[in-house]
Amino acid sequence: MQVYGMGLDLKGRPLFPTLEASVFTTELIDSLGANDDRVRAITRAGAAPVFRGALGREVIDVGDVKAQGWTFLINEKDPLRAEVVAALKLLATHRGMDDPTAPLLFHNGDPDEWGNWLQDSYFALALEDKTVPKYILIVGGPDQVPFGFQSLLDTVASVGRVDFDSVDDLVTYASKLIRLEKLTDPVVAREAVVFAPDAGATDPTHFSRRFMAEPLADLMSNEFKLATTRVLGNDAIKAALVGALAGAKPAIVYTASHGLGAAGEPYDVQTRYNGAICCQAPGGLTLADLFGADDVPTDGKPFLEGSIFFQFACFGYGTPAVSEYAHWQTGKVEKNADHDFVAALPKRLLAHPKGPIAFIGHLDTAFLAGFDDENAPEILERWHNRISPFVGALRSLLGVQPSGLAMQPMNERYSTLNALLTNTYDRVQRNAMQWTPESQTRFLDSWLLRGDAQNYMVFGDPAVSLSLPEA
């Protein structure tokens with residue numbers, strides 16, 4: 001078995017070298033002791049309090065944003081705090097927030113304290129006879145509210161983030177949501193665009209095209225009766241993607257590709273290009289084969305207005321300075337960038353006054369194991385448990401549920417695998433299990449799936465939902 005990572009650098013080379021599973025597994029097992037505190041802290045922080053007692057049966061609509069509660073979260077020391085509160089006042093009122101001037105305040109970047117924040121600043125609201133909001137919009141970049149905290153918070157709430165280049169862009173985005181949600185008729189059509197290059201049988205995009213893009217396109221076409229434009233394989237060049245999006249009104253745009261990682265390039269180059277969609281490039285990847293922020297029109301005309309953009313690719317959501325996977329690989333800790341940052345494409349898409357309402361993407365390196373079995377990638381069945389969180393997400397989005405709620409299947413996978421990995425660690429420490437080839441394979445598989453699930457995130461308000469015309 002080999003471990004395949006997605007993503008290309010500016011020269012078209014794989015960002016994550018193909019690894020022999022046996023070597024990678026040995027490194028992970030050897031790293032268990034070094035990551036003792038980290039594993040235990042994640043498990044403790046993700047555990048919500050349990051209150052026992054008899055309650056009357058009530059019907060709960062988890063998709064009812066006002067009933068479930070909405071708020072935004074900002075670093076209490078963010079220099080733009082007052083401006084952000086002012087910029088979100090109308091949206092907060094629109095969402096039914098009790099006091100639009102009183103957001104949740106993040107006040108500690110130390111991961112060891114994140115569990116305390118959840119207990120003292122979030123769950124404790126129930127003890128104060130206040131609503132514990134289930135929809136939370138993080139405002140600010142990862143320097144203000146870390147990516148890791150966002151992943152953790154997403155296990156107990158429906159979470160999104162906005163990190164625009166200016167407060168004016170935030171105002172534009174909030175105004176767009178209010179305007180679209182007050183319209184009588186949807187601005188999108190019952191249409192979808194699915195885009196997936198295929199670089200051949202030895203490349204992960206071959207499998208993402210066959211076992212992700214094609215089945216999901218069928219799902220949207222057959223189950224939801226969406227007219228689905230498929231730009232796949234050799235046809236998935238940049239010009240074809242641009243043509244499919246220009247003037248179109250899809251409810252969903254789904255892309256499955258390599259994402260660019262400008263490793264070793266200056267920080268300004270990385271923030272401009274990292275996560276850009278690597279289109280089919282028969283002559284070798286060049287900047288001309290990338291679809292990124294620079295390709296979002298600025299002429300004021302509608303561009304994917306009211307849609308949700310789902311991107312499967314490395315760094316599509318953002319780039320951590322140091323990969324979440326690096327500390328598990330002995331002696332291989334390398335920096336991705338000088339600082340954590342959100343990718344440029346989701347920022348540009350959502351800042352468009354007549355653009356998409358939400359973006360779902362992947363942070364860090366994405367792996368083939370996240371949607372396919374690396375032990376047997378040429379599976380016979382098109383539908384299998386690996387892809388179930390993606391199916392669940394699309395069914396939720398096209399069922400006009402809030403975008404944050406669509407991440408629930410992925411978050412459940414993350415939480416479950418955290419518990420399984422912690423259980424494995426505890427059994428090893430108690431000498432209650434011995435490593436075998438089979439248990440090592442299961443451990444590596446669980447670890448890859450857990451890391452991949454952790455890194456899917458919503459950029460935008462987690463309360464937004466599609467407004468679809470009737471079939």
# chains A, B, ... in the order shown; residues from 1 in each chain; ligands from 1

$ select_by_dssp --residues "range 73-217 of chain A" --states "strand (DSSP E)" --output "list in words"
Leu73, Ile74, Asn75, Leu104, Leu105, Phe106, Tyr135, Ile136, Leu137, Ile138, Val139, Ser158, Val159, Gly160, Arg161, Val162, Glu191, Ala192, Val193, Val194, Phe195 and Ala196 of chain A

$ residues_around --residues "range 80-93 of chain A" --least-positions-apart "5" --cutoff "9 Å" --atoms "only C-alpha atoms" --output "PyMOL selection string"
chain A and resi 70-72+74-75+98-103+139+167-168+170-171+174-175+177-178

$ write_last_selection --atoms "N, CA and C atoms" --output "PDB file, in the first residue's frame"
ATOM      1  N   TRP A  70     -27.694  32.156  16.793  1.00  0.00           N
ATOM      2  CA  TRP A  70     -26.603  32.572  15.896  1.00  0.00           C
ATOM      3  C   TRP A  70     -25.795  33.656  16.591  1.00  0.00           C
ATOM      4  N   THR A  71     -24.510  33.601  16.415  1.00  0.00           N
ATOM      5  CA  THR A  71     -23.650  34.676  16.923  1.00  0.00           C
ATOM      6  C   THR A  71     -22.389  34.727  16.086  1.00  0.00           C
ATOM      7  N   PHE A  72     -21.574  35.698  16.336  1.00  0.00           N
ATOM      8  CA  PHE A  72     -20.251  35.717  15.715  1.00  0.00           C
ATOM      9  C   PHE A  72     -19.199  35.768  16.803  1.00  0.00           C
ATOM     10  N   ILE A  74     -15.067  36.783  17.733  1.00  0.00           N
ATOM     11  CA  ILE A  74     -13.929  37.592  17.333  1.00  0.00           C
ATOM     12  C   ILE A  74     -12.908  37.601  18.464  1.00  0.00           C
ATOM     13  N   ASN A  75     -11.663  37.751  18.124  1.00  0.00           N
ATOM     14  CA  ASN A  75     -10.632  37.880  19.145  1.00  0.00           C
ATOM     15  C   ASN A  75     -10.861  39.172  19.921  1.00  0.00           C
ATOM     16  N   ASP A  98     -29.568  38.152  20.002  1.00  0.00           N
ATOM     17  CA  ASP A  98     -30.153  38.946  21.084  1.00  0.00           C
ATOM     18  C   ASP A  98     -29.490  40.308  21.219  1.00  0.00           C
ATOM     19  N   ASP A  99     -28.174  40.324  21.233  1.00  0.00           N
ATOM     20  CA  ASP A  99     -27.443  41.589  21.380  1.00  0.00           C
ATOM     21  C   ASP A  99     -26.327  41.613  20.345  1.00  0.00           C
ATOM     22  N   PRO A 100     -26.538  42.288  19.204  1.00  0.00           N
ATOM     23  CA  PRO A 100     -25.548  42.307  18.130  1.00  0.00           C
ATOM     24  C   PRO A 100     -24.222  42.941  18.525  1.00  0.00           C
ATOM     25  N   THR A 101     -24.187  43.602  19.673  1.00  0.00           N
ATOM     26  CA  THR A 101     -22.932  44.223  20.109  1.00  0.00           C
ATOM     27  C   THR A 101     -22.144  43.323  21.059  1.00  0.00           C
ATOM     28  N   ALA A 102     -22.661  42.130  21.327  1.00  0.00           N
ATOM     29  CA  ALA A 102     -22.029  41.251  22.317  1.00  0.00           C
ATOM     30  C   ALA A 102     -21.691  39.891  21.704  1.00  0.00           C
ATOM     31  N   PRO A 103     -20.665  39.832  20.845  1.00  0.00           N
ATOM     32  CA  PRO A 103     -20.276  38.543  20.264  1.00  0.00           C
ATOM     33  C   PRO A 103     -19.529  37.673  21.264  1.00  0.00           C
ATOM     34  N   VAL A 139     -14.879  35.668  12.817  1.00  0.00           N
ATOM     35  CA  VAL A 139     -14.469  36.815  12.014  1.00  0.00           C
ATOM     36  C   VAL A 139     -12.991  37.085  12.283  1.00  0.00           C
ATOM     37  N   VAL A 167     -12.729  45.658   5.902  1.00  0.00           N
ATOM     38  CA  VAL A 167     -14.047  45.665   6.536  1.00  0.00           C
ATOM     39  C   VAL A 167     -15.116  45.984   5.498  1.00  0.00           C
ATOM     40  N   ASP A 168     -14.766  46.748   4.471  1.00  0.00           N
ATOM     41  CA  ASP A 168     -15.724  47.032   3.406  1.00  0.00           C
ATOM     42  C   ASP A 168     -16.195  45.756   2.726  1.00  0.00           C
ATOM     43  N   LEU A 170     -16.401  42.886   4.161  1.00  0.00           N
ATOM     44  CA  LEU A 170     -17.303  42.250   5.119  1.00  0.00           C
ATOM     45  C   LEU A 170     -18.692  42.857   5.026  1.00  0.00           C
ATOM     46  N   VAL A 171     -18.764  44.164   4.920  1.00  0.00           N
ATOM     47  CA  VAL A 171     -20.054  44.852   4.771  1.00  0.00           C
ATOM     48  C   VAL A 171     -20.740  44.396   3.486  1.00  0.00           C
ATOM     49  N   ALA A 174     -22.117  40.803   3.997  1.00  0.00           N
ATOM     50  CA  ALA A 174     -23.296  40.779   4.866  1.00  0.00           C
ATOM     51  C   ALA A 174     -24.509  41.359   4.149  1.00  0.00           C
ATOM     52  N   SER A 175     -24.296  42.441   3.417  1.00  0.00           N
ATOM     53  CA  SER A 175     -25.401  43.069   2.682  1.00  0.00           C
ATOM     54  C   SER A 175     -25.939  42.142   1.605  1.00  0.00           C
ATOM     55  N   LEU A 177     -25.981  38.842   1.649  1.00  0.00           N
ATOM     56  CA  LEU A 177     -26.793  37.792   2.258  1.00  0.00           C
ATOM     57  C   LEU A 177     -28.189  38.295   2.593  1.00  0.00           C
ATOM     58  N   ILE A 178     -28.263  39.458   3.202  1.00  0.00           N
ATOM     59  CA  ILE A 178     -29.561  40.016   3.580  1.00  0.00           C
ATOM     60  C   ILE A 178     -30.418  40.255   2.342  1.00  0.00           C
TER      61      ILE A 178
END

$ residues_around --residues "Glu223 in chain A" --least-positions-apart "6" --cutoff "12 Å" --atoms "only C-alpha atoms" --output "ChimeraX atom specification"
/A:215-217,391,394-395,398-399,471

$ closest_residue --among "A:Leu448, A:Ile136, A:Leu241, A:Met212" --to "Ser388 in chain A" --atoms "only C-alpha atoms"
A:Met212

$ atom_distance --atom1 "CA of Lys66 in chain A" --atom2 "CA of Leu350 in chain A"
22.8 Å

$ residues_around --residues "range 312-325 of chain A" --least-positions-apart "4" --cutoff "6 Å" --atoms "only C-alpha atoms" --output "JSON, numbers by chain"
{"A": [6, 7, 255, 256, 257, 258, 259, 275, 335, 336, 337, 338, 339, 340, 341, 342, 343, 361, 362, 363, 364, 365, 366]}

$ write_last_selection --atoms "N, CA and C atoms" --output "PDB file, in the first residue's frame"
ATOM      1  N   MET A   6      -2.714  14.850  -2.317  1.00  0.00           N
ATOM      2  CA  MET A   6      -3.100  15.713  -3.430  1.00  0.00           C
ATOM      3  C   MET A   6      -2.218  16.951  -3.431  1.00  0.00           C
ATOM      4  N   GLY A   7      -2.249  17.713  -4.505  1.00  0.00           N
ATOM      5  CA  GLY A   7      -1.575  19.005  -4.552  1.00  0.00           C
ATOM      6  C   GLY A   7      -0.335  19.006  -5.420  1.00  0.00           C
ATOM      7  N   THR A 255     -15.662  21.186  -7.477  1.00  0.00           N
ATOM      8  CA  THR A 255     -14.426  20.904  -8.186  1.00  0.00           C
ATOM      9  C   THR A 255     -13.592  19.902  -7.396  1.00  0.00           C
ATOM     10  N   ALA A 256     -12.966  18.960  -8.100  1.00  0.00           N
ATOM     11  CA  ALA A 256     -12.085  17.966  -7.487  1.00  0.00           C
ATOM     12  C   ALA A 256     -10.791  17.945  -8.295  1.00  0.00           C
ATOM     13  N   SER A 257      -9.718  18.395  -7.688  1.00  0.00           N
ATOM     14  CA  SER A 257      -8.473  18.564  -8.432  1.00  0.00           C
ATOM     15  C   SER A 257      -7.300  18.631  -7.468  1.00  0.00           C
ATOM     16  N   HIS A 258      -6.109  18.749  -8.019  1.00  0.00           N
ATOM     17  CA  HIS A 258      -4.985  19.177  -7.210  1.00  0.00           C
ATOM     18  C   HIS A 258      -5.190  20.648  -6.873  1.00  0.00           C
ATOM     19  N   GLY A 259      -4.704  21.056  -5.698  1.00  0.00           N
ATOM     20  CA  GLY A 259      -4.647  22.469  -5.361  1.00  0.00           C
ATOM     21  C   GLY A 259      -3.182  22.890  -5.362  1.00  0.00           C
ATOM     22  N   GLY A 275      -3.778  27.023  -3.131  1.00  0.00           N
ATOM     23  CA  GLY A 275      -5.150  26.538  -3.178  1.00  0.00           C
ATOM     24  C   GLY A 275      -5.847  26.753  -4.505  1.00  0.00           C
ATOM     25  N   LYS A 335       8.143  23.824   6.996  1.00  0.00           N
ATOM     26  CA  LYS A 335       7.159  24.901   6.967  1.00  0.00           C
ATOM     27  C   LYS A 335       6.508  24.992   5.593  1.00  0.00           C
ATOM     28  N   ASN A 336       5.198  25.184   5.602  1.00  0.00           N
ATOM     29  CA  ASN A 336       4.488  25.497   4.364  1.00  0.00           C
ATOM     30  C   ASN A 336       4.640  26.966   4.009  1.00  0.00           C
ATOM     31  N   ALA A 337       4.618  27.799   5.041  1.00  0.00           N
ATOM     32  CA  ALA A 337       4.643  29.247   4.841  1.00  0.00           C
ATOM     33  C   ALA A 337       5.109  29.906   6.131  1.00  0.00           C
ATOM     34  N   ASP A 338       5.323  31.210   6.075  1.00  0.00           N
ATOM     35  CA  ASP A 338       5.759  31.941   7.269  1.00  0.00           C
ATOM     36  C   ASP A 338       4.634  32.073   8.285  1.00  0.00           C
ATOM     37  N   HIS A 339       3.382  32.131   7.800  1.00  0.00           N
ATOM     38  CA  HIS A 339       2.235  32.313   8.681  1.00  0.00           C
ATOM     39  C   HIS A 339       1.050  31.519   8.139  1.00  0.00           C
ATOM     40  N   ASP A 340       0.116  31.172   9.015  1.00  0.00           N
ATOM     41  CA  ASP A 340      -1.160  30.596   8.573  1.00  0.00           C
ATOM     42  C   ASP A 340      -1.926  31.658   7.779  1.00  0.00           C
ATOM     43  N   PHE A 341      -2.651  31.219   6.751  1.00  0.00           N
ATOM     44  CA  PHE A 341      -3.495  32.196   6.034  1.00  0.00           C
ATOM     45  C   PHE A 341      -4.634  31.496   5.312  1.00  0.00           C
ATOM     46  N   VAL A 342      -5.713  32.240   5.095  1.00  0.00           N
ATOM     47  CA  VAL A 342      -6.862  31.789   4.313  1.00  0.00           C
ATOM     48  C   VAL A 342      -6.561  32.012   2.840  1.00  0.00           C
ATOM     49  N   ALA A 343      -6.975  31.090   1.994  1.00  0.00           N
ATOM     50  CA  ALA A 343      -6.708  31.182   0.563  1.00  0.00           C
ATOM     51  C   ALA A 343      -7.406  32.393  -0.059  1.00  0.00           C
ATOM     52  N   GLY A 361     -14.121  24.217   1.633  1.00  0.00           N
ATOM     53  CA  GLY A 361     -12.832  23.798   1.105  1.00  0.00           C
ATOM     54  C   GLY A 361     -12.008  23.068   2.138  1.00  0.00           C
ATOM     55  N   HIS A 362     -10.805  22.716   1.739  1.00  0.00           N
ATOM     56  CA  HIS A 362      -9.920  21.892   2.551  1.00  0.00           C
ATOM     57  C   HIS A 362      -8.682  22.674   2.959  1.00  0.00           C
ATOM     58  N   LEU A 363      -8.339  22.569   4.220  1.00  0.00           N
ATOM     59  CA  LEU A 363      -7.129  23.159   4.768  1.00  0.00           C
ATOM     60  C   LEU A 363      -6.009  22.122   4.714  1.00  0.00           C
ATOM     61  N   ASP A 364      -4.786  22.571   4.357  1.00  0.00           N
ATOM     62  CA  ASP A 364      -3.630  21.674   4.406  1.00  0.00           C
ATOM     63  C   ASP A 364      -3.687  20.666   3.251  1.00  0.00           C
ATOM     64  N   THR A 365      -2.863  19.622   3.357  1.00  0.00           N
ATOM     65  CA  THR A 365      -2.806  18.586   2.338  1.00  0.00           C
ATOM     66  C   THR A 365      -4.038  17.689   2.412  1.00  0.00           C
ATOM     67  N   ALA A 366      -4.601  17.382   1.247  1.00  0.00           N
ATOM     68  CA  ALA A 366      -5.709  16.420   1.169  1.00  0.00           C
ATOM     69  C   ALA A 366      -5.141  15.079   0.702  1.00  0.00           C
TER      70      ALA A 366
END

$ closest_residue --among "A:Pro462, A:Pro133, A:Pro402, A:Gly140" --to "Phe106 in chain A" --atoms "only C-alpha atoms"
A:Gly140

$ residues_around --residues "Arg272 in chain A" --least-positions-apart "5" --cutoff "10 Å" --atoms "only C-alpha atoms" --output "PyMOL selection string"
chain A and resi 262+267+292-294+343-345

$ closest_residue --among "A:Pro409, A:Pro266, A:Gly404, A:Gly160" --to "Arg386 in chain A" --atoms "only C-alpha atoms"
A:Pro409

$ closest_residue --among "A:Leu8, A:Leu304, A:Leu105, A:Leu73" --to "Ala192 in chain A" --atoms "only C-alpha atoms"
A:Leu304

$ closest_residue --among "A:Val231, A:Phe367, A:Val62, A:Gly355" --to "Phe303 in chain A" --atoms "only C-alpha atoms"
A:Gly355

$ atom_distance --atom1 "CA of Val269 in chain A" --atom2 "CA of Lys238 in chain A"
20.1 Å

$ select_by_dssp --residues "range 186-296 of chain A" --states "alpha helix (DSSP H)" --output "PyMOL selection string"
chain A and resi 204-208+214-218+238-245+267-273

$ closest_residue --among "A:Asp295, A:Thr441, A:Asp452, A:Arg210" --to "Gly243 in chain A" --atoms "only C-alpha atoms"
A:Asp295

$ residues_around --residues "range 244-250 of chain A" --least-positions-apart "5" --cutoff "12 Å" --atoms "only C-alpha atoms" --output "MDAnalysis selection string"
chainID A and resid 186:195 220 226:232 235:239 255 291 295:297 301:310 354:356 398 466:469
